>>> print(open('input-v2.tsv').read())   # TSV, C-alpha atoms and all ligand atoms
chain	number	residue	atom	x	y	z
K	5	MET	CA	0.00	0.00	0.00
K	6	LYS	CA	1.47	3.36	-1.10
K	7	ILE	CA	0.34	6.35	0.95
K	8	LYS	CA	0.67	9.84	-0.56
K	9	THR	CA	1.91	12.78	1.52
K	10	LYS	CA	-1.55	14.35	1.22
K	11	ASP	CA	-3.15	11.20	2.70
K	12	LEU	CA	-0.52	10.94	5.45
K	13	THR	CA	-1.33	14.51	6.42
K	14	LYS	CA	-5.04	13.66	6.59
K	15	MET	CA	-4.26	10.56	8.67
K	16	ALA	CA	-2.07	12.50	11.12
K	17	LEU	CA	-4.72	15.20	11.44
K	18	LEU	CA	-7.41	12.61	12.15
K	19	VAL	CA	-5.26	10.88	14.81
K	20	ALA	CA	-4.93	14.29	16.48
K	21	LEU	CA	-8.67	14.98	16.12
K	22	ILE	CA	-9.65	11.63	17.69
K	23	ALA	CA	-7.42	12.60	20.64
K	24	VAL	CA	-9.13	16.01	20.79
K	25	GLY	CA	-12.44	14.11	20.73
K	26	ALA	CA	-11.27	12.20	23.82
K	27	PHE	CA	-10.34	15.45	25.59
K	28	ILE	CA	-13.86	16.76	24.93
K	29	SER	CA	-15.39	14.30	27.34
K	30	ILE	CA	-18.01	14.47	30.07
K	31	PRO	CA	-17.73	11.83	32.81
K	32	LEU	CA	-21.13	10.14	33.24
K	33	GLY	CA	-20.14	7.23	35.48
K	34	PRO	CA	-17.86	4.46	34.21
K	35	VAL	CA	-18.39	5.40	30.54
K	36	PRO	CA	-17.88	9.05	29.56
K	37	PHE	CA	-19.54	11.02	26.81
K	38	THR	CA	-16.82	11.82	24.26
K	39	LEU	CA	-16.39	13.03	20.70
K	40	GLN	CA	-13.97	10.19	19.80
K	41	ASN	CA	-16.63	8.30	17.89
K	42	PHE	CA	-17.54	11.42	15.88
K	43	PHE	CA	-13.93	11.65	14.65
K	44	VAL	CA	-13.83	7.88	14.06
K	45	PHE	CA	-16.88	8.39	11.82
K	46	MET	CA	-15.00	11.17	10.01
K	47	THR	CA	-11.90	8.98	9.67
K	48	GLY	CA	-13.93	6.24	7.99
K	49	LEU	CA	-15.69	8.75	5.76
K	50	LEU	CA	-12.61	10.71	4.65
K	51	LEU	CA	-10.03	7.94	4.16
K	52	THR	CA	-9.72	4.65	2.28
K	53	PRO	CA	-10.46	1.52	4.36
K	54	TRP	CA	-6.84	0.63	5.18
K	55	GLN	CA	-5.89	4.25	5.80
K	56	ALA	CA	-8.85	4.56	8.18
K	57	PHE	CA	-7.91	1.29	9.93
K	58	LEU	CA	-4.27	2.40	10.32
K	59	THR	CA	-5.24	5.87	11.53
K	60	VAL	CA	-7.39	4.59	14.39
K	61	LEU	CA	-4.90	1.80	15.15
K	62	VAL	CA	-2.09	4.38	15.47
K	63	TYR	CA	-4.31	6.44	17.80
K	64	VAL	CA	-4.94	3.39	20.02
K	65	LEU	CA	-1.25	2.35	19.97
K	66	LEU	CA	-0.11	5.87	20.89
K	67	GLY	CA	-2.48	5.73	23.85
K	68	LEU	CA	-1.26	2.26	24.83
K	69	ILE	CA	2.40	3.35	24.86
K	70	GLY	CA	1.51	6.06	27.34
K	71	LEU	CA	0.22	9.23	25.67
K	72	PRO	CA	-2.77	10.43	27.73
K	73	ILE	CA	-5.09	10.53	24.72
K	74	PHE	CA	-7.89	8.24	25.85
K	75	ALA	CA	-10.99	9.63	27.55
K	76	GLY	CA	-10.23	11.33	30.86
K	77	PHE	CA	-6.60	12.03	29.79
K	78	THR	CA	-5.68	8.38	30.36
K	79	GLY	CA	-3.23	6.15	28.49
K	80	GLY	CA	-0.71	3.40	29.06
K	81	PHE	CA	-0.87	-0.37	28.69
K	82	GLN	CA	-3.08	-0.68	31.78
K	83	SER	CA	-5.85	0.92	29.68
K	84	VAL	CA	-6.61	-2.58	28.33
K	85	PHE	CA	-8.09	-3.23	31.80
K	86	SER	CA	-10.33	-0.17	31.56
K	87	PRO	CA	-14.05	-0.96	31.11
K	88	THR	CA	-14.13	1.29	28.03
K	89	PHE	CA	-11.19	-0.25	26.15
K	90	GLY	CA	-13.58	-2.42	24.12
K	91	PHE	CA	-14.94	0.75	22.52
K	92	LEU	CA	-11.39	1.66	21.44
K	93	ILE	CA	-10.97	-1.78	19.82
K	94	SER	CA	-14.32	-1.37	18.10
K	95	PHE	CA	-13.27	2.04	16.70
K	96	VAL	CA	-10.39	0.42	14.76
K	97	ILE	CA	-12.69	-2.11	13.09
K	98	GLY	CA	-15.51	0.43	12.74
K	99	ALA	CA	-13.39	2.97	10.85
K	100	PHE	CA	-12.42	0.27	8.32
K	101	MET	CA	-16.02	-0.87	7.96
K	102	ILE	CA	-17.40	2.67	7.53
K	103	SER	CA	-14.87	3.41	4.80
K	104	LYS	CA	-15.47	0.10	3.03
K	105	LEU	CA	-19.26	0.54	3.01
K	106	THR	CA	-19.32	4.21	2.01
K	107	ARG	CA	-16.67	4.45	-0.73
K	108	LYS	CA	-17.88	6.89	-3.40
K	109	GLU	CA	-21.17	7.28	-1.51
K	110	THR	CA	-22.49	10.86	-1.46
K	111	SER	CA	-25.98	10.35	-0.06
K	112	SER	CA	-26.07	11.51	3.57
K	113	VAL	CA	-29.00	9.15	4.23
K	114	LYS	CA	-27.06	6.09	3.05
K	115	ILE	CA	-23.98	7.24	4.97
K	116	MET	CA	-26.15	7.68	8.07
K	117	ILE	CA	-27.35	4.06	7.76
K	118	VAL	CA	-23.72	2.86	7.68
K	119	LEU	CA	-22.88	5.01	10.73
K	120	VAL	CA	-25.80	3.47	12.61
K	121	LEU	CA	-24.37	0.03	11.73
K	122	ALA	CA	-20.97	1.20	13.02
K	123	GLU	CA	-22.65	2.22	16.28
K	124	VAL	CA	-24.12	-1.28	16.54
K	125	LEU	CA	-20.57	-2.62	16.14
K	126	PHE	CA	-19.20	-0.22	18.80
K	127	TYR	CA	-21.73	-1.51	21.33
K	128	ALA	CA	-21.48	-5.15	20.19
K	129	ILE	CA	-17.81	-5.04	21.20
K	130	GLY	CA	-17.92	-2.31	23.86
K	131	LEU	CA	-20.67	-3.77	26.05
K	132	PRO	CA	-19.34	-7.35	26.46
K	133	TYR	CA	-15.85	-5.92	27.12
K	134	PHE	CA	-17.34	-3.56	29.71
K	135	HIS	CA	-19.12	-6.51	31.34
K	136	ILE	CA	-15.94	-8.66	31.46
K	137	ILE	CA	-13.79	-5.91	33.00
K	138	MET	CA	-16.45	-4.84	35.51
K	139	LYS	CA	-16.87	-8.46	36.61
K	140	ASN	CA	-13.29	-9.75	36.58
K	141	VAL	CA	-11.15	-6.65	37.16
K	142	MET	CA	-13.42	-4.31	39.13
K	143	GLY	CA	-15.19	-7.12	41.00
K	144	ASN	CA	-18.52	-5.50	40.15
K	145	PRO	CA	-20.64	-7.91	38.08
K	146	MET	CA	-23.68	-6.28	36.48
K	147	ASP	CA	-26.80	-7.56	34.76
K	148	LEU	CA	-27.58	-6.59	31.18
K	149	SER	CA	-30.06	-3.84	32.06
K	150	LYS	CA	-27.50	-2.15	34.38
K	151	ILE	CA	-24.81	-2.44	31.70
K	152	MET	CA	-27.09	-0.90	29.10
K	153	SER	CA	-28.19	1.91	31.41
K	154	LEU	CA	-24.57	2.83	32.20
K	155	ALA	CA	-22.78	2.13	28.94
K	156	MET	CA	-25.29	2.58	26.13
K	157	ILE	CA	-28.66	4.24	26.73
K	158	PRO	CA	-27.37	7.73	27.76
K	159	PHE	CA	-25.27	7.88	24.58
K	160	LEU	CA	-27.75	6.75	21.94
K	161	ILE	CA	-29.29	10.13	21.10
K	162	PRO	CA	-25.99	12.09	21.26
K	163	ASP	CA	-24.34	9.38	19.12
K	164	MET	CA	-27.10	9.70	16.51
K	165	ILE	CA	-26.57	13.47	16.43
K	166	LYS	CA	-22.80	12.95	15.91
K	167	ALA	CA	-23.57	10.46	13.13
K	168	ALA	CA	-25.99	12.88	11.43
K	169	VAL	CA	-23.46	15.73	11.56
K	170	ALA	CA	-20.71	13.45	10.16
K	171	ALA	CA	-23.06	12.16	7.42
K	172	ILE	CA	-23.88	15.72	6.38
K	173	ILE	CA	-20.41	17.28	6.45
K	174	ALA	CA	-18.16	14.41	5.25
K	175	PRO	CA	-19.48	14.26	1.65
K	176	ARG	CA	-18.96	18.02	1.38
K	177	ILE	CA	-15.38	17.76	2.69
K	178	ASN	CA	-14.69	14.87	0.28
K	179	LYS	CA	-16.06	16.94	-2.59
K	180	ALA	CA	-13.91	19.91	-1.65
K	181	LEU	CA	-10.83	17.67	-1.31
K	182	ASN	CA	-11.58	15.90	-4.58
K	183	ARG	CA	-12.54	12.63	-2.89
K	184	ARG	CA	-10.47	10.07	-1.03
T	201	LIG	O1	-11.86	5.18	27.21
T	201	LIG	C1	-11.97	5.67	26.08
T	201	LIG	O2	-11.12	6.46	25.62
T	201	LIG	C2	-13.16	5.28	25.23
T	201	LIG	C3	-14.44	5.94	25.65
T	201	LIG	C4	-15.60	5.42	24.82
T	201	LIG	C5	-16.89	6.18	25.06
T	201	LIG	C6	-18.08	5.51	24.37
T	201	LIG	S1	-17.97	5.58	22.61
T	201	LIG	C7	-19.65	5.23	22.39
T	201	LIG	C8	-20.37	5.98	23.49
T	201	LIG	N1	-20.61	7.34	23.10
T	201	LIG	C9	-20.03	8.22	23.90
T	201	LIG	O3	-20.11	9.46	23.79
T	201	LIG	N2	-19.35	7.57	24.86
T	201	LIG	C10	-19.44	6.14	24.69
>>> encode(input="input-v2.tsv", output="structure tokens", more="lines below")
Ligand SMILES: O=C(O)CCCC[C@@H]1SC[C@@H]2NC(=O)N[C@@H]21
Amino acid sequence: MKIKTKDLTKMALLVALIAVGAFISIPLGPVPFTLQNFFVFMTGLLLTPWQAFLTVLVYVLLGLIGLPIFAGFTGGFQSVFSPTFGFLISFVIGAFMISKLTRKETSSVKIMIVLVLAEVLFYAIGLPYFHIIMKNVMGNPMDLSKIMSLAMIPFLIPDMIKAAVAAIIAPRINKALNRR
């Protein structure tokens, strides 16, 4: 895979923006509200699938080696034992999937459908991971309704708003940049 300087610049900018998205976070219990997923949406919508995958992977690796770029200014290898690390794993796969399913797509409605699917993926990985860490690391097992009320329900409407904004602005940015 050959990456042009222009694409590398976009990738570096998006790594930085995902980190900014983590800084813009509101603690709401064990799972914070953040703008990381908004910038993961943008990464998938502005880059090719492998570029998007690599961009989010680099973000996660930079956090794992110690940069405090995860939500709540955290980082370091111990983050894998954080209840929210599953969401970070899901972002890497989600960015690839979003890009793959929206290549050359300009309809905001169709893009929105893909972003909703990406959200399903985030929670399909994020919630079981949350459950495992709460039970085995935090010693605080929870039933499904508690998990959903802490780690999913408060975020659904804000996440849909982030998805709608991304679905509206990304095609315009792609048009202005002459497409990925
Ligand atoms: O620890 C991290 O850095 C990851 C935080 C993940 C927060 C999740 S992403 C989906 C949902 N929407 C939000 O705004 N917050 C949660």
>>> axis_aligned_box(input="input-v2.tsv", around="ligand LIG 201 (chain T)", padding_each_side="4 Å", output="AutoDock Vina command-line options")
--center_x -15.9 --center_y 7.3 --center_z 24.8 --size_x 17.5 --size_y 12.3 --size_z 12.8
>>> closest_residue(input="input-v2.tsv", among="K:Pro158, K:Pro175, K:Pro145, K:Pro36", to="ligand LIG 201 (chain T)", atoms="only C-alpha atoms and all ligand atoms")
K:Pro36
>>> residues_near_ligand(input="input-v2.tsv", ligand="ligand LIG 201 (chain T)", cutoff="9 Å", atoms="all atoms listed in the file", output="PDB file with C-alpha atoms, in the coordinates of the input")
ATOM      1  CA  ALA K  23      -7.420  12.600  20.640  1.00  0.00           C
ATOM      2  CA  ALA K  26     -11.270  12.200  23.820  1.00  0.00           C
ATOM      3  CA  SER K  29     -15.390  14.300  27.340  1.00  0.00           C
ATOM      4  CA  ILE K  30     -18.010  14.470  30.070  1.00  0.00           C
ATOM      5  CA  LEU K  32     -21.130  10.140  33.240  1.00  0.00           C
ATOM      6  CA  VAL K  35     -18.390   5.400  30.540  1.00  0.00           C
ATOM      7  CA  PRO K  36     -17.880   9.050  29.560  1.00  0.00           C
ATOM      8  CA  PHE K  37     -19.540  11.020  26.810  1.00  0.00           C
ATOM      9  CA  THR K  38     -16.820  11.820  24.260  1.00  0.00           C
ATOM     10  CA  LEU K  39     -16.390  13.030  20.700  1.00  0.00           C
ATOM     11  CA  GLN K  40     -13.970  10.190  19.800  1.00  0.00           C
ATOM     12  CA  ASN K  41     -16.630   8.300  17.890  1.00  0.00           C
ATOM     13  CA  PHE K  42     -17.540  11.420  15.880  1.00  0.00           C
ATOM     14  CA  VAL K  64      -4.940   3.390  20.020  1.00  0.00           C
ATOM     15  CA  GLY K  67      -2.480   5.730  23.850  1.00  0.00           C
ATOM     16  CA  ILE K  73      -5.090  10.530  24.720  1.00  0.00           C
ATOM     17  CA  PHE K  74      -7.890   8.240  25.850  1.00  0.00           C
ATOM     18  CA  ALA K  75     -10.990   9.630  27.550  1.00  0.00           C
ATOM     19  CA  GLY K  76     -10.230  11.330  30.860  1.00  0.00           C
ATOM     20  CA  PHE K  77      -6.600  12.030  29.790  1.00  0.00           C
ATOM     21  CA  THR K  78      -5.680   8.380  30.360  1.00  0.00           C
ATOM     22  CA  GLY K  79      -3.230   6.150  28.490  1.00  0.00           C
ATOM     23  CA  SER K  83      -5.850   0.920  29.680  1.00  0.00           C
ATOM     24  CA  SER K  86     -10.330  -0.170  31.560  1.00  0.00           C
ATOM     25  CA  PRO K  87     -14.050  -0.960  31.110  1.00  0.00           C
ATOM     26  CA  THR K  88     -14.130   1.290  28.030  1.00  0.00           C
ATOM     27  CA  PHE K  89     -11.190  -0.250  26.150  1.00  0.00           C
ATOM     28  CA  GLY K  90     -13.580  -2.420  24.120  1.00  0.00           C
ATOM     29  CA  PHE K  91     -14.940   0.750  22.520  1.00  0.00           C
ATOM     30  CA  LEU K  92     -11.390   1.660  21.440  1.00  0.00           C
ATOM     31  CA  PHE K  95     -13.270   2.040  16.700  1.00  0.00           C
ATOM     32  CA  GLU K 123     -22.650   2.220  16.280  1.00  0.00           C
ATOM     33  CA  PHE K 126     -19.200  -0.220  18.800  1.00  0.00           C
ATOM     34  CA  TYR K 127     -21.730  -1.510  21.330  1.00  0.00           C
ATOM     35  CA  GLY K 130     -17.920  -2.310  23.860  1.00  0.00           C
ATOM     36  CA  ALA K 155     -22.780   2.130  28.940  1.00  0.00           C
ATOM     37  CA  MET K 156     -25.290   2.580  26.130  1.00  0.00           C
ATOM     38  CA  PRO K 158     -27.370   7.730  27.760  1.00  0.00           C
ATOM     39  CA  PHE K 159     -25.270   7.880  24.580  1.00  0.00           C
ATOM     40  CA  LEU K 160     -27.750   6.750  21.940  1.00  0.00           C
ATOM     41  CA  PRO K 162     -25.990  12.090  21.260  1.00  0.00           C
ATOM     42  CA  ASP K 163     -24.340   9.380  19.120  1.00  0.00           C
TER      43      ASP K 163
END
>>> closest_atom_pairs(input="input-v2.tsv", of="segment 82-108 of chain K", to="segment 178-183 of chain K", cutoff="12 Å", atoms="only C-alpha atoms", output="Markdown table")
| residue | atom | partner | partner_atom | distance |
| --- | --- | --- | --- | --- |
| K:Thr106 | CA | K:Asn178 | CA | 11.8 |
| K:Arg107 | CA | K:Arg183 | CA | 9.4 |
| K:Lys108 | CA | K:Arg183 | CA | 7.9 |
>>> closest_residue(input="input-v2.tsv", among="K:Val62, K:Thr9, K:Leu51, K:Val118", to="Ile177 of chain K", atoms="all atoms listed in the file")
K:Leu51
>>> residues_around(input="input-v2.tsv", residues="Leu65 of chain K", least_positions_apart="4", cutoff="10 Å", atoms="all atoms listed in the file", output="ChimeraX atom specification")
/K:59-61,69-71,79-81
>>> atom_distance(input="input-v2.tsv", atom1="atom CA of Phe57 of chain K", atom2="atom CA of Pro31 of chain K")
27.0 Å
>>> closest_residue(input="input-v2.tsv", among="K:Ile136, K:Val124, K:Met116, K:Ile161", to="Phe85 of chain K", atoms="all atoms listed in the file")
K:Ile136
>>> atom_distance(input="input-v2.tsv", atom1="atom CA of Leu125 of chain K", atom2="atom CA of Leu12 of chain K")
26.5 Å
>>> closest_residue(input="input-v2.tsv", among="K:Pro34, K:Ala99, K:Ala167, K:Gln82", to="Asn144 of chain K", atoms="only C-alpha atoms")
K:Pro34
>>> closest_residue(input="input-v2.tsv", among="K:Leu154, K:Leu105, K:Val169, K:Ala16", to="Gly33 of chain K", atoms="all atoms listed in the file")
K:Leu154
>>> residues_around(input="input-v2.tsv", residues="Ala168 of chain K", least_positions_apart="3", cutoff="8 Å", atoms="only C-alpha atoms", output="number ranges by chain")
K: 112, 116, 164-165, 171-172
>>> atom_distance(input="input-v2.tsv", atom1="atom CA of Gly48 of chain K", atom2="atom CA of Val113 of chain K")
15.8 Å
>>> closest_residue(input="input-v2.tsv", among="K:Val120, K:Thr47, K:Ile28, K:Leu148", to="Lys14 of chain K", atoms="all atoms listed in the file")
K:Thr47
>>> decode(input="input-v2.tsv", residues="segment 41-53 of chain K", atoms="all heavy atoms", output="JSON list (two decimals), in the first residue's frame")
[["chain", "number", "residue", "atom", "x", "y", "z"],
["K", 41, "ASN", "N", -15.94, 9.04, 18.95],
["K", 41, "ASN", "CA", -16.63, 8.30, 17.89],
["K", 41, "ASN", "C", -17.02, 9.21, 16.72],
["K", 41, "ASN", "O", -17.02, 8.77, 15.57],
["K", 41, "ASN", "CB", -17.80, 7.45, 18.42],
["K", 41, "ASN", "CG", -18.80, 8.19, 19.24],
["K", 41, "ASN", "OD1", -18.56, 9.32, 19.66],
["K", 41, "ASN", "ND2", -19.94, 7.58, 19.49],
["K", 42, "PHE", "N", -17.27, 10.50, 16.99],
["K", 42, "PHE", "CA", -17.54, 11.42, 15.88],
["K", 42, "PHE", "C", -16.32, 11.46, 14.94],
["K", 42, "PHE", "O", -16.46, 11.36, 13.70],
["K", 42, "PHE", "CB", -17.85, 12.83, 16.41],
["K", 42, "PHE", "CG", -17.91, 13.85, 15.31],
["K", 42, "PHE", "CD1", -19.00, 13.90, 14.45],
["K", 42, "PHE", "CD2", -16.86, 14.74, 15.11],
["K", 42, "PHE", "CE1", -19.05, 14.82, 13.41],
["K", 42, "PHE", "CE2", -16.90, 15.67, 14.07],
["K", 42, "PHE", "CZ", -18.00, 15.71, 13.22],
["K", 43, "PHE", "N", -15.11, 11.57, 15.51],
["K", 43, "PHE", "CA", -13.93, 11.65, 14.65],
["K", 43, "PHE", "C", -13.56, 10.29, 14.05],
["K", 43, "PHE", "O", -12.95, 10.24, 12.99],
["K", 43, "PHE", "CB", -12.76, 12.29, 15.41],
["K", 43, "PHE", "CG", -12.99, 13.77, 15.64],
["K", 43, "PHE", "CD1", -13.25, 14.26, 16.90],
["K", 43, "PHE", "CD2", -13.01, 14.64, 14.56],
["K", 43, "PHE", "CE1", -13.50, 15.61, 17.10],
["K", 43, "PHE", "CE2", -13.27, 16.00, 14.74],
["K", 43, "PHE", "CZ", -13.51, 16.49, 16.02],
["K", 44, "VAL", "N", -13.98, 9.20, 14.69],
["K", 44, "VAL", "CA", -13.83, 7.88, 14.06],
["K", 44, "VAL", "C", -14.76, 7.80, 12.84],
["K", 44, "VAL", "O", -14.37, 7.31, 11.78],
["K", 44, "VAL", "CB", -14.10, 6.74, 15.08],
["K", 44, "VAL", "CG1", -14.20, 5.39, 14.38],
["K", 44, "VAL", "CG2", -13.02, 6.72, 16.14],
["K", 45, "PHE", "N", -15.98, 8.33, 12.98],
["K", 45, "PHE", "CA", -16.88, 8.39, 11.82],
["K", 45, "PHE", "C", -16.19, 9.16, 10.69],
["K", 45, "PHE", "O", -16.17, 8.72, 9.54],
["K", 45, "PHE", "CB", -18.19, 9.12, 12.15],
["K", 45, "PHE", "CG", -19.10, 8.45, 13.14],
["K", 45, "PHE", "CD1", -19.97, 9.20, 13.94],
["K", 45, "PHE", "CD2", -19.14, 7.06, 13.27],
["K", 45, "PHE", "CE1", -20.83, 8.60, 14.85],
["K", 45, "PHE", "CE2", -20.00, 6.45, 14.17],
["K", 45, "PHE", "CZ", -20.83, 7.23, 14.96],
["K", 46, "MET", "N", -15.63, 10.32, 11.04],
["K", 46, "MET", "CA", -15.00, 11.17, 10.01],
["K", 46, "MET", "C", -13.81, 10.45, 9.37],
["K", 46, "MET", "O", -13.60, 10.54, 8.16],
["K", 46, "MET", "CB", -14.56, 12.51, 10.63],
["K", 46, "MET", "CG", -15.70, 13.38, 11.11],
["K", 46, "MET", "SD", -16.89, 13.79, 9.82],
["K", 46, "MET", "CE", -15.94, 14.92, 8.82],
["K", 47, "THR", "N", -13.05, 9.72, 10.19],
["K", 47, "THR", "CA", -11.90, 8.98, 9.67],
["K", 47, "THR", "C", -12.37, 7.97, 8.61],
["K", 47, "THR", "O", -11.82, 7.89, 7.52],
["K", 47, "THR", "CB", -11.18, 8.25, 10.82],
["K", 47, "THR", "OG1", -10.77, 9.22, 11.77],
["K", 47, "THR", "CG2", -9.96, 7.48, 10.33],
["K", 48, "GLY", "N", -13.40, 7.22, 8.94],
["K", 48, "GLY", "CA", -13.93, 6.24, 7.99],
["K", 48, "GLY", "C", -14.50, 6.88, 6.74],
["K", 48, "GLY", "O", -14.44, 6.31, 5.66],
["K", 49, "LEU", "N", -15.03, 8.10, 6.90],
["K", 49, "LEU", "CA", -15.69, 8.75, 5.76],
["K", 49, "LEU", "C", -14.71, 9.52, 4.87],
["K", 49, "LEU", "O", -15.02, 9.80, 3.72],
["K", 49, "LEU", "CB", -16.80, 9.69, 6.26],
["K", 49, "LEU", "CG", -17.97, 8.99, 6.96],
["K", 49, "LEU", "CD1", -18.93, 10.00, 7.58],
["K", 49, "LEU", "CD2", -18.72, 8.08, 5.98],
["K", 50, "LEU", "N", -13.55, 9.87, 5.42],
["K", 50, "LEU", "CA", -12.61, 10.71, 4.65],
["K", 50, "LEU", "C", -11.43, 9.93, 4.08],
["K", 50, "LEU", "O", -10.71, 10.45, 3.23],
["K", 50, "LEU", "CB", -12.09, 11.87, 5.51],
["K", 50, "LEU", "CG", -13.14, 12.84, 6.05],
["K", 50, "LEU", "CD1", -12.48, 13.95, 6.89],
["K", 50, "LEU", "CD2", -13.94, 13.48, 4.92],
["K", 51, "LEU", "N", -11.21, 8.70, 4.59],
["K", 51, "LEU", "CA", -10.03, 7.94, 4.16],
["K", 51, "LEU", "C", -10.43, 6.62, 3.51],
["K", 51, "LEU", "O", -11.57, 6.17, 3.66],
["K", 51, "LEU", "CB", -9.13, 7.65, 5.38],
["K", 51, "LEU", "CG", -8.56, 8.87, 6.12],
["K", 51, "LEU", "CD1", -7.79, 8.42, 7.36],
["K", 51, "LEU", "CD2", -7.64, 9.69, 5.22],
["K", 52, "THR", "N", -9.47, 5.99, 2.84],
["K", 52, "THR", "CA", -9.72, 4.65, 2.28],
["K", 52, "THR", "C", -9.77, 3.66, 3.46],
["K", 52, "THR", "O", -9.29, 3.97, 4.56],
["K", 52, "THR", "CB", -8.61, 4.24, 1.31],
["K", 52, "THR", "OG1", -7.40, 4.13, 2.06],
["K", 52, "THR", "CG2", -8.42, 5.24, 0.19],
["K", 53, "PRO", "N", -10.30, 2.45, 3.23],
["K", 53, "PRO", "CA", -10.46, 1.52, 4.36],
["K", 53, "PRO", "C", -9.17, 1.25, 5.14],
["K", 53, "PRO", "O", -9.17, 1.33, 6.37],
["K", 53, "PRO", "CB", -10.99, 0.24, 3.69],
["K", 53, "PRO", "CG", -11.72, 0.73, 2.48],
["K", 53, "PRO", "CD", -10.96, 1.93, 2.00]]
